[in-house]
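What follows is a single structure, written as structure tokens, with notes after it.
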Amino acid sequence: MTDLLKKEVDSESPAGNSDEPKDRNPVSADSEQMSSSIESSKASILANLFSSTLAIFESRTNSFSGDNKSTNTSNYGLTTAMTNAMISGPIRRLQERIMGATRTEALSSTSEIWLLGKCYKISPIGSSDGADPGNSYADFLEDYSSRIWITYRKGFDPIGDTKFTSDASWGCMIRSSQMLVAQALLFHHLGRSWRRRSQKPYEPKYIEILHLFGDSEACAFSIHNLLQAGRHYGLAAGSWLGPYAMCRTWETIARANNEEASLMKSNEHLPMVVYIVSGDEDGEQGGAPVICIDVATRLCSSFSMAQNAWAPILLLVPLVLGLEKVNPRYIPLLHETFTFPQSLGIIGGKPGVSTYIVGVQEDKALYLDPHEIQPAADIKTDNLESDCTSYHCGTVRHMPLDLIDPSLAIGFYCRDKDDFEDFCSRASQLGDKSNGAPLFTITQFAQRAKPVSFCDSADNPSNSGNSAIDNNFDVENLSDNSFHSGDEEWQIL
């Protein structure tokens with residue numbers, strides 16, 4: 001019973017889950033109406049009811065593991081039938097009734113949209129005066145639908161020693177993080193201006209990227225391998241996890257994958273440094289995270305196996321920006337991160353229900369939702385005409401930015417040293433606008449004497465000295481007061 005209760009607490013509500021194909025229609029835009037605190041409580045109760053019921057049937061199935069094959073098959077069928085019943089039909093409609101039905105409404109046609117560092121200055125519908133080529137609403141939709149969309153899957157091989165063949169109702173944080181890393185790989189290999197081809201065959205690199213996120217142990221960044229890599233951070237099939245543990249998991253799997261790739265001479269690895277910008281190794285140090293230029297430099301040298309060499313960097317910044325909701329002082333800062341050319345968006349969303357936030361318009365957060373269950377996909381690297389429709393979404397969903405979960409992680413991709421220098425400059429300017437409560441800060445040197453190696457990449461201090469910044473970087477050292485002002489707003493990660 002204790003395990004069952006724990007499972008209930010860790011589960012999140014698979015809002016809007018359905019096996020029905022939602023995104024096979026022409027591109028449209030939805031507005032996810034966020035619930036009030038009372039509605040959120042009701043939603044949590046309903047989610048726990050669903051999770052506990054499914055857990056009972058899963059436990060019942062597991063209890064027959066020693067029985068004959070026919071008994072296993074019978075119970076597996078019963079579990080599957082009950083799972084389908086819980087996520088569709090009348091139960092799903094009841095869930096929507098309690099959480100609030102989604103009403104459809106278009107995005108504003110008069111205000112600009114920022115999508116992963118790209119600005120779309122949308123003109124009023126029907127107006128062509130002063131239209132900027134490449135800035136139309138249709139261009140935005142093409143860009144949005146070209147982002148890789150990764151959702152719940154069903155029917156894959158069991159995860160490890162468990163009987164889980166689907167991650168429905170618990171894998172949304174993993175799926176959201178897969179989407180962010182997939183965008184980093186798209187930017188690295190194909191560039192920010194890449195758009196998905198309307199006709200086959202597809203580019204080999206695009207197919208290779210999709211293959212990396214397949215749902216089997218043979219795929220480098222599958223849910224199977226992520227769970228294995230993150231077991232020391234509490235990752236387990238059937239349990240929910242937070243952004244910090246997810247970021248550390250990516251650091252672990254990237255390191256292990258790169259070591260294996262170098263031994264096996266394989267191309268299936270993450271071709272960039274993973275730098276987790278956080279407190280100490282356990283994430284228990286308060287204050288704004290600090291990006292240390294010296295740490296980044298040494299990480300690049302270690303990754304490239306050459307002194308003074310530079311490598312692409314994937315920056316992941318796990319944050320907790322309040323208790324039950326994001327402190328309002330951080331909303332403008334979060335909004336502005338999407339204007340950075342290096343932006344990879346945010347892993348975040350509703351409390352307990354992770355999404356991948358890719359853009360903003362006014363007070364809205366635009367996101368890709370992993371809470372749709374699709375059959376497991378198997379993209380072969382040698383098949384350039386694979387069916388990739390399940391990896392792209394034509395529905396633009398949005399929710400109020402100020403109602404996202406305060407526990408989140410921001411991602412940035414810096415292609416080279418110049419790009420990293422530009423990022424540092426923008427981040428310092430953003431810190432200057434923060435009124436003493438920055439999202440994160442930039443410093444040249446770490447104060448702590450503890451050496452930083454490739455295997456321990458994110459041990460950064462919460463304090464910074466007044467050391468001069470290297471002339472190669474146009475950034476400023478922020479004072480100790482800047483680092484610690486507003487610490488009362490920060491929680492343990």
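A note on labels: chains of the structure tokens are A, B, ... as shown, every chain counts residues from 1, and ligands are counted from 1 in their shown order.
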
Surrounding residues of A:Gly160 excluding itself and chain neighbours under 6 positions, 12 Å, only C-alpha atoms, as a VMD selection string: chain A and resid 216 to 217 223 to 229 231 236 to 237

Selection: 8 Å around stretch 161-177 of chain A, only C-alpha atoms, excl. self and same-chain fewer than 6 positions, as a ChimeraX atom specification: /A:11-14,51,62,150-155,223,226,237-243,246,347,353-356,369-371,373

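Taking atom CA of A:Val274 as the reference point, atom CA of A:Phe340 is found at 18.5 Å.
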
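For the residues A:Phe420, A:Tyr391, A:Tyr206, A:Tyr330, ranking by smallest atom-to-atom distance to A:Trp310 using only C-alpha atoms places A:Phe420 first.
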
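Counting only C-alpha atoms, the residue from A:Ile209, A:Val396, A:Leu190, A:Leu384 that sits nearest to A:Glu268 is A:Ile209.
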
A:Cys414 environment, 10 Å, only C-alpha atoms, sequence neighbours closer than 4 positions dropped, as an NGL selection string: :A and (184 or 187-188 or 272-273 or 311-315 or 341-343 or 418-423)

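When only C-alpha atoms are used to measure the gap to A:Asp378, the shortest distance among A:Gly345, A:Gly287, A:Pro318, A:Gly214 belongs to A:Gly214.
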
All residues 7 Å or closer to A:Ser407, only C-alpha atoms, same chain fewer than 5 positions away omitted, as a tab-separated table (two decimals) with all heavy atoms, in the first residue's frame:
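Produced file part06.tsv, reproduced below:
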```tsv
chain	number	residue	atom	x	y	z
A	243	PRO	N	12.84	18.49	-13.26
A	243	PRO	CA	13.78	18.96	-14.29
A	243	PRO	C	15.24	18.78	-13.91
A	243	PRO	O	16.07	18.47	-14.77
A	243	PRO	CB	13.42	20.44	-14.43
A	243	PRO	CG	12.01	20.55	-13.96
A	243	PRO	CD	11.88	19.54	-12.86
A	319	LEU	N	15.85	25.36	-12.79
A	319	LEU	CA	15.49	26.45	-11.89
A	319	LEU	C	14.24	26.11	-11.10
A	319	LEU	O	13.41	25.33	-11.56
A	319	LEU	CB	15.22	27.74	-12.69
A	319	LEU	CG	16.35	28.31	-13.55
A	319	LEU	CD1	15.79	29.38	-14.48
A	319	LEU	CD2	17.44	28.90	-12.67
A	320	VAL	N	14.12	26.72	-9.94
A	320	VAL	CA	12.86	26.71	-9.20
A	320	VAL	C	12.57	28.17	-8.86
A	320	VAL	O	13.29	28.78	-8.08
A	320	VAL	CB	12.94	25.86	-7.92
A	320	VAL	CG1	11.59	25.89	-7.19
A	320	VAL	CG2	13.32	24.43	-8.25
A	321	LEU	N	11.54	28.73	-9.45
A	321	LEU	CA	11.30	30.18	-9.41
A	321	LEU	C	10.13	30.57	-8.52
A	321	LEU	O	9.49	31.60	-8.75
A	321	LEU	CB	11.07	30.69	-10.84
A	321	LEU	CG	12.21	30.42	-11.82
A	321	LEU	CD1	11.85	30.93	-13.21
A	321	LEU	CD2	13.51	31.04	-11.34
A	348	GLY	N	9.03	22.51	-19.09
A	348	GLY	CA	8.17	22.96	-18.01
A	348	GLY	C	6.72	22.76	-18.39
A	348	GLY	O	6.40	21.91	-19.21
```
